[in-house]
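> Before we start, here is the structure in question, set down as structure tokens.
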Amino acid sequence: MLYQTPLPTRLQSEQRRHIEHIFQLGEGLNTPCLPAQAPIRRSWLRCLNEYQLDPTKPRPARVVPQQTLIEHRESVDELLHVARAGVDQLYGQIAQLGYVLLVTDHRGITVEFRGAPNQDRQLRKAGLYLGADWDERFAGTCAVGTCLYDRQAIICHRQEHFDATHISLTCTAAPIADPEGNVMAVLDISALQSPTQHESQNFSLSLVTLYARMIEDAYFLQRYRDCLMVRLDTSRAFVHVNGRGLIAIEENGQVIAANAVGRELIAEHQHRWPPWSAHRAQMLGELFECEITDILSINSGTDDQLRAFRARASNTIHFISLLEPRRPRMAQQAAPPSSELPEPLARLGADDPAMRKVQKLAKRLRDEANVNVLISGETGTGKEVVARALHESGNRANKPFIAVNCAAIPESLIESELFGYEPGAFTGGRSKGMRGLIPQAHGGTLFLDEIGDMPLALQTRLLRVLAEREVMPLGANTPVKIDIRVITATHRHIEEMIQQGEFREDLYYRLNGAQLPLPALRERADKLYVIRRVFEDVVTERATSISPRLRADAISALLAYSWPGNIRQLKNALAFALATSESDEITVNDLPEQCLSQRITHNATAQLEGSTNKALSGSLTHLLKQHHWNISAVARELGVSRPTIYRQMQRQGIVSPNWQE
């Protein structure tokens, strides 16, 4: 017997044959009964060899606990909000045919479900339900799990499933990717029973793929709603209603992000010209034969708000429309639209997933004085800014906020600085004594920055303060009662310090009531928002009557730089640019040298714009002849615009043979 519990005779027989087919494939046999789809065969072999799943021991459906499900749903809450209309629409089309609909996250956990209530028991048993785990490593070959592995739409029909208890199911799934092309969810429709023919599910595959792409594009439009965007298609009639390509751009034409069709177009371009396109931000004028002014004038300069441009890589004509932000770009300085955040917390970030989590958690913790908060992150990520925002958005906003940098105070003074001292407590002290920083924070918030640098001896005293809520100043006989909210921050790995005996474990758990991990600036999706926010702050600090602005080339350079020093380095760079600029417009040439990660391009531009010597004239003429007087090709090689080439040709008296009499 293969099974410990009896099964219906017919189903048991089908399952036995199914298991035999799996073993035949594992032994290298090729029989007509094996699945025809190569992805299914590969998945069966993964299940046998890599995951070590035993086909003779079918597993019951695994459903995650409610709290775990809530966490998985929260990780894709923005996507679910955008996808809900599409999910309801698709389910309305398939419900009468006996299908259910699932949306899983990138780990295969079902986070959204639509199904008939009268099938509730059967669906739960089959795992076609909210919270079900369809990861291939657990469930074996299935539409969701195999789709996640291969990153492509797939049908898993009846006996194509690995687990013998699933062979009556038919499932069709398609991936939903984020703007970077990473799979963030899977859309699946499944049925408990279906016709035996595999071809019966072909329409399901087309339908699921269509709706997955619609949800992707809706998410893209929502995420980049405050950006300039072009919509494109090879058919003029369909651009406005269902243009397949979407590309978000800066005002200077630099590509910010693209949907699947747009990414394919970019990849085709980079494949054709890898040397000059692989390590620099793409420009729309490089993908198409156009200038950015051609794009920006579409809505005002054409009757049907469309223009045709030729893609450089394929020579294909694309019809392009321009989608302008619903409100000015700078209006995105407000809170993320999906959250009702207090203003101090809203200013921390815009549309970055990691910062959204920080903002949401900070909102819940702002009035929880008994929950100590530990803010972690690289140096310069804005840990004190987050601590102040947490303080200013809570019920202690009108009380003191005392910030202490534990790494900046000499070890010999840190105890007296924190706890204070009585008159005559030690030689060299103030005659009237001093009230320590901790007592000064009474009623408000004490922020201990770089807590990982606090000496071990002082850690013991701090632990006592937190436990007893009182401070004993140096030289005093009576403790001072305190009421403080404690927020700490560190860039160090405290867990490793504990193992090495450099930090008290009991203090760590006392401080780490809740942790707010801050992302590095280079990892943030809202880098443009941060640049503009910090620039506004620097301008405000200078308190001048001039209102400077960042030009597009400066923004491009700032976006391209990796910022090892994070927001602190960004602030210093912008302060430097404001101090050294000779006008109210900050250009790329005003930025510190280390920020110019694409210096070769800028040097080429400067050479062409600022020199008229014969050597350069000969060099430009040589390039033009080499490229058969193709202005666009020369501009691409030098990394400049076509107008720049035309201007230099005019200045140097270079005339194309086509223009000569």
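Following the order of the structure tokens, first chain is A, next is B, and so on, with residues numbered from 1 inside each chain and ligands from 1 in the order they appear.
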Using only C-alpha atoms, what does the table of stretch 145-207 of chain A residues within 9 Å of stretch 34-54 of chain A look like, with each row giving the shortest atom pair and its distance in Å to one decimal, sorted by chain and ascending number, as CSV?


```
residue,atom,partner,partner_atom,distance
A:Thr146,CA,A:Ser43,CA,6.8
A:Tyr149,CA,A:Ser43,CA,8.8
A:Asp150,CA,A:Pro39,CA,7.7
A:Ile154,CA,A:Pro39,CA,8.5
A:Cys156,CA,A:Ile40,CA,7.6
A:Gln159,CA,A:Pro35,CA,8.0
A:Glu160,CA,A:Pro35,CA,6.2
A:His161,CA,A:Ile40,CA,8.1
A:Phe162,CA,A:Trp44,CA,6.3
A:Asp163,CA,A:Asp54,CA,8.9
```

> Considering only C-alpha atoms, return as a list in words whatever protein or nucleic-acid residues lie within 10 Å of A:Glu378, sequence-local ones (same chain, fewer than 6 positions apart) excluded.

Thr490, His491, Arg492, Pro517, Leu518, Pro519, Ala520, Leu521, Pro564, Gly565 and Asn566 of chain A

> At a cut-off of 10 Å, using only C-alpha atoms, what residues contact A:Gly443? Leave out same-chain residues fewer than 3 positions from it and give the result as an MDAnalysis selection string.

chainID A and resid 396:401 439:440 446 482:485

> Emit the selected residues as an mmCIF file, in the first residue's frame, including C-alpha atoms.


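Listing of part38.cif after writing:
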```cif
data_model
loop_
_atom_site.group_PDB
_atom_site.id
_atom_site.type_symbol
_atom_site.label_atom_id
_atom_site.label_comp_id
_atom_site.auth_asym_id
_atom_site.auth_seq_id
_atom_site.Cartn_x
_atom_site.Cartn_y
_atom_site.Cartn_z
ATOM 1 C CA ARG A 396 4.990 64.510 23.760
ATOM 2 C CA ALA A 397 5.558 66.931 20.884
ATOM 3 C CA ASN A 398 5.484 69.972 23.180
ATOM 4 C CA LYS A 399 7.983 68.447 25.615
ATOM 5 C CA PRO A 400 11.793 68.321 25.305
ATOM 6 C CA PHE A 401 13.572 66.252 22.662
ATOM 7 C CA PRO A 439 16.771 64.572 33.547
ATOM 8 C CA GLN A 440 16.512 67.341 30.932
ATOM 9 C CA LEU A 446 15.560 60.970 25.035
ATOM 10 C CA ILE A 482 12.050 60.764 35.415
ATOM 11 C CA ASP A 483 9.346 60.252 32.808
ATOM 12 C CA ILE A 484 10.988 59.763 29.411
ATOM 13 C CA ARG A 485 10.346 58.136 26.056
#
```

> Go through A:Ile531, A:Leu90, A:Val373, A:Ile451 one by one, measure the shortest atom-to-atom distance of each to A:Asn512 using only C-alpha atoms, and give the residue with the smallest value.

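Closest to A:Asn512 of all the choices is A:Val373.
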
> Mind checking which residues fall within 12 Å of A:Leu97, counting only C-alpha atoms, ignoring those fewer than 3 positions away in the same chain, and posting them as a list of chain:residue names?

A:Leu90, A:Tyr91, A:Gly92, A:Gln93, A:Ile94, A:Val100, A:Leu101, A:Gly115, A:Ala116, A:Ile189, A:Ser190, A:Ala191, A:Leu192, A:Gln193, A:Ser194, A:Pro195, A:Gln201, A:Ser204

> Hey, which of A:Gln515, A:Ser376, A:Asn202, A:Ser297 ends up closest to A:Leu361? Count only C-alpha atoms.

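Once distances to A:Leu361 are computed over only C-alpha atoms, the minimum belongs to A:Gln515.
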
> Could you give me the residues within stretch 461-532 of chain A that DSSP places in helix (DSSP H, G or I), as a VMD selection string?

chain A and resid 461 to 468 494 to 499 505 to 511 521 to 523 527 to 532

> Determine which residues of stretch 36-127 of chain A DSSP labels as strand (DSSP E or B) from the backbone of this structure, then write them out as a list in words.

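Filtering stretch 36-127 of chain A to strand (DSSP E or B) leaves Val63, Tyr99, Val100, Leu101, Leu102, Val103, Thr104, Asp105, Ile109, Thr110, Val111, Glu112, Phe113 and Arg114 of chain A.
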
> I'd like the neighbourhood of A:Thr31 as a PyMOL selection string, where a residue qualifies if any of its atoms comes within 9 Å (using only C-alpha atoms), though same-chain residues fewer than 4 positions away should be ignored.

chain A and resi 21+24-25

> For all heavy atoms, I'd like the residues from the last selection saved as a PDB file, in the first residue's frame.


```pdb
ATOM      1  N   HIS A  21       4.173   7.374 -13.157  1.00  0.00           N
ATOM      2  CA  HIS A  21       4.673   8.246 -14.228  1.00  0.00           C
ATOM      3  C   HIS A  21       5.777   9.170 -13.712  1.00  0.00           C
ATOM      4  O   HIS A  21       6.763   9.433 -14.414  1.00  0.00           O
ATOM      5  CB  HIS A  21       3.527   9.073 -14.812  1.00  0.00           C
ATOM      6  CG  HIS A  21       2.472   8.243 -15.474  1.00  0.00           C
ATOM      7  ND1 HIS A  21       1.166   8.673 -15.620  1.00  0.00           N
ATOM      8  CD2 HIS A  21       2.524   6.989 -16.003  1.00  0.00           C
ATOM      9  CE1 HIS A  21       0.467   7.737 -16.223  1.00  0.00           C
ATOM     10  NE2 HIS A  21       1.259   6.713 -16.460  1.00  0.00           N
ATOM     11  N   GLN A  24       8.878   7.177 -13.448  1.00  0.00           N
ATOM     12  CA  GLN A  24       9.414   6.892 -14.781  1.00  0.00           C
ATOM     13  C   GLN A  24      10.254   8.056 -15.289  1.00  0.00           C
ATOM     14  O   GLN A  24      11.345   7.871 -15.839  1.00  0.00           O
ATOM     15  CB  GLN A  24       8.264   6.592 -15.758  1.00  0.00           C
ATOM     16  CG  GLN A  24       7.608   5.246 -15.536  1.00  0.00           C
ATOM     17  CD  GLN A  24       6.347   5.067 -16.371  1.00  0.00           C
ATOM     18  OE1 GLN A  24       5.945   5.975 -17.110  1.00  0.00           O
ATOM     19  NE2 GLN A  24       5.704   3.914 -16.239  1.00  0.00           N
ATOM     20  N   LEU A  25       9.756   9.285 -15.090  1.00  0.00           N
ATOM     21  CA  LEU A  25      10.522  10.454 -15.504  1.00  0.00           C
ATOM     22  C   LEU A  25      11.808  10.556 -14.693  1.00  0.00           C
ATOM     23  O   LEU A  25      12.883  10.860 -15.229  1.00  0.00           O
ATOM     24  CB  LEU A  25       9.690  11.728 -15.325  1.00  0.00           C
ATOM     25  CG  LEU A  25      10.394  13.041 -15.711  1.00  0.00           C
ATOM     26  CD1 LEU A  25      10.687  13.075 -17.207  1.00  0.00           C
ATOM     27  CD2 LEU A  25       9.558  14.253 -15.331  1.00  0.00           C
TER      28      LEU A  25
END
```

> Any idea what the distance is between atom CA of A:Gln359 and atom CA of A:His72?

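According to the coordinates, atom CA of A:Gln359 and atom CA of A:His72 are separated by 17.9 Å.
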
> With distances taken over only C-alpha atoms, which residue among A:Asn259, A:Leu413, A:Ile249, A:Ile266 lies nearest A:Asn182?

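Nearest candidate to A:Asn182 out of A:Asn259, A:Leu413, A:Ile249, A:Ile266: A:Asn259.
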
> Find the spatial neighbours of A:Ala552, counting only C-alpha atoms, within a cut-off of 10 Å - ignore same-chain residues fewer than 2 positions away - and output them as a PyMOL selection string.

chain A and resi 250-254+549-550+554-558+586-588

> Go ahead and dump the residues you just picked, all heavy atoms, as a compact mmCIF listing (two decimals), in the first residue's frame.


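Result went into result.txt, see below:
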```
# COMPACT_ATOMS: atom_id res chain seq x y z
N GLU A 250 11.93 61.63 -16.64
CA GLU A 250 12.18 62.93 -16.04
C GLU A 250 11.91 64.01 -17.09
O GLU A 250 11.74 63.72 -18.28
CB GLU A 250 13.64 63.02 -15.59
CG GLU A 250 13.98 62.15 -14.42
CD GLU A 250 13.43 62.66 -13.10
OE1 GLU A 250 12.75 63.71 -13.11
OE2 GLU A 250 13.65 62.01 -12.10
N GLU A 251 11.92 65.27 -16.63
CA GLU A 251 11.68 66.36 -17.57
C GLU A 251 12.75 66.46 -18.65
O GLU A 251 12.50 67.00 -19.73
CB GLU A 251 11.62 67.70 -16.81
CG GLU A 251 10.40 67.87 -15.93
CD GLU A 251 10.61 67.34 -14.53
OE1 GLU A 251 11.59 66.59 -14.30
OE2 GLU A 251 9.81 67.68 -13.65
N ASN A 252 13.93 65.93 -18.37
CA ASN A 252 15.00 65.97 -19.38
C ASN A 252 15.02 64.75 -20.28
O ASN A 252 15.90 64.60 -21.12
CB ASN A 252 16.37 66.11 -18.70
CG ASN A 252 16.74 64.87 -17.89
OD1 ASN A 252 15.88 64.05 -17.56
ND2 ASN A 252 18.01 64.73 -17.57
N GLY A 253 14.04 63.86 -20.10
CA GLY A 253 13.94 62.68 -20.96
C GLY A 253 14.58 61.43 -20.39
O GLY A 253 14.53 60.36 -21.01
N GLN A 254 15.18 61.53 -19.21
CA GLN A 254 15.79 60.33 -18.63
C GLN A 254 14.72 59.35 -18.20
O GLN A 254 13.72 59.72 -17.58
CB GLN A 254 16.65 60.70 -17.42
CG GLN A 254 17.31 59.49 -16.75
CD GLN A 254 18.15 59.89 -15.57
OE1 GLN A 254 18.90 60.85 -15.64
NE2 GLN A 254 18.03 59.16 -14.48
N ARG A 549 17.01 76.69 -8.05
CA ARG A 549 16.36 75.45 -8.48
C ARG A 549 17.41 74.48 -9.02
O ARG A 549 18.50 74.88 -9.45
CB ARG A 549 15.30 75.71 -9.54
CG ARG A 549 15.85 76.09 -10.91
CD ARG A 549 14.71 76.32 -11.90
NE ARG A 549 15.21 76.47 -13.27
CZ ARG A 549 15.37 75.47 -14.11
NH1 ARG A 549 15.09 74.24 -13.72
NH2 ARG A 549 15.83 75.67 -15.33
N LEU A 550 17.08 73.21 -8.98
CA LEU A 550 17.95 72.17 -9.52
C LEU A 550 17.63 71.95 -10.99
O LEU A 550 16.49 71.64 -11.33
CB LEU A 550 17.75 70.86 -8.75
CG LEU A 550 18.41 70.73 -7.39
CD1 LEU A 550 17.93 69.46 -6.70
CD2 LEU A 550 19.93 70.71 -7.51
N ALA A 554 21.62 68.26 -13.25
CA ALA A 554 22.07 68.06 -11.88
C ALA A 554 21.26 66.94 -11.21
O ALA A 554 21.82 66.08 -10.52
CB ALA A 554 21.94 69.35 -11.07
N ILE A 555 19.94 66.95 -11.44
CA ILE A 555 19.09 65.90 -10.87
C ILE A 555 19.51 64.53 -11.41
O ILE A 555 19.59 63.54 -10.67
CB ILE A 555 17.61 66.18 -11.19
CG1 ILE A 555 17.14 67.42 -10.42
CG2 ILE A 555 16.74 64.98 -10.82
CD1 ILE A 555 15.72 67.85 -10.73
N SER A 556 19.80 64.47 -12.71
CA SER A 556 20.22 63.20 -13.31
C SER A 556 21.50 62.68 -12.66
O SER A 556 21.62 61.48 -12.36
CB SER A 556 20.44 63.37 -14.81
OG SER A 556 19.24 63.71 -15.46
N ALA A 557 22.47 63.56 -12.43
CA ALA A 557 23.72 63.14 -11.80
C ALA A 557 23.48 62.69 -10.36
O ALA A 557 24.06 61.70 -9.91
CB ALA A 557 24.72 64.29 -11.84
N LEU A 558 22.61 63.41 -9.65
CA LEU A 558 22.31 63.04 -8.26
C LEU A 558 21.60 61.69 -8.19
O LEU A 558 21.85 60.89 -7.28
CB LEU A 558 21.45 64.12 -7.61
CG LEU A 558 22.13 65.49 -7.42
CD1 LEU A 558 21.10 66.53 -6.99
CD2 LEU A 558 23.25 65.40 -6.40
N ILE A 586 21.18 75.48 -10.16
CA ILE A 586 22.22 74.50 -9.84
C ILE A 586 22.34 73.52 -11.00
O ILE A 586 21.39 72.82 -11.33
CB ILE A 586 21.90 73.74 -8.54
CG1 ILE A 586 21.64 74.71 -7.39
CG2 ILE A 586 23.02 72.76 -8.21
CD1 ILE A 586 22.79 75.61 -7.09
N THR A 587 23.51 73.49 -11.63
CA THR A 587 23.75 72.58 -12.75
C THR A 587 24.68 71.45 -12.31
O THR A 587 25.19 71.45 -11.19
CB THR A 587 24.38 73.33 -13.93
OG1 THR A 587 25.75 73.64 -13.61
CG2 THR A 587 23.63 74.62 -14.24
N VAL A 588 24.91 70.52 -13.21
CA VAL A 588 25.78 69.39 -12.90
C VAL A 588 27.19 69.86 -12.58
O VAL A 588 27.90 69.24 -11.78
CB VAL A 588 25.78 68.38 -14.07
CG1 VAL A 588 26.44 68.98 -15.31
CG2 VAL A 588 26.48 67.09 -13.68
```

> So what do you get for atom CA of A:Asp105 versus atom CA of A:Leu79, distance-wise?

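If I compute the distance from atom CA of A:Asp105 to atom CA of A:Leu79, I get 9.9 Å.
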
> Rounded to one decimal place, report the atom CA of A:Thr172-atom CA of A:Arg84 distance in Å.

18.9 Å

> Mind checking which residues fall within 9 Å of A:Arg524, counting only C-alpha atoms, ignoring those fewer than 2 positions away in the same chain, and posting them as a list in words?

Asp351, Asp352, Pro353, Ala354, Met355, Pro519, Ala520, Leu521, Arg522, Asp526, Lys527 and Val530 of chain A

> Any chance you can output those residues with C-alpha atoms as a PDB file, in the first residue's frame?


```pdb
ATOM      1  CA  ASP A 351       6.743  56.121  -2.589  1.00  0.00           C
ATOM      2  CA  ASP A 352       9.329  53.738  -1.155  1.00  0.00           C
ATOM      3  CA  PRO A 353       8.125  50.379   0.248  1.00  0.00           C
ATOM      4  CA  ALA A 354      10.696  50.210   3.040  1.00  0.00           C
ATOM      5  CA  MET A 355      10.015  53.765   4.185  1.00  0.00           C
ATOM      6  CA  PRO A 519      16.965  51.764   3.896  1.00  0.00           C
ATOM      7  CA  ALA A 520      20.116  53.197   2.354  1.00  0.00           C
ATOM      8  CA  LEU A 521      19.530  56.114  -0.011  1.00  0.00           C
ATOM      9  CA  ARG A 522      20.794  54.092  -2.998  1.00  0.00           C
ATOM     10  CA  ASP A 526      11.721  57.675  -3.842  1.00  0.00           C
ATOM     11  CA  LYS A 527      15.273  58.979  -4.311  1.00  0.00           C
ATOM     12  CA  VAL A 530      14.516  62.781  -1.056  1.00  0.00           C
TER      13      VAL A 530
END
```
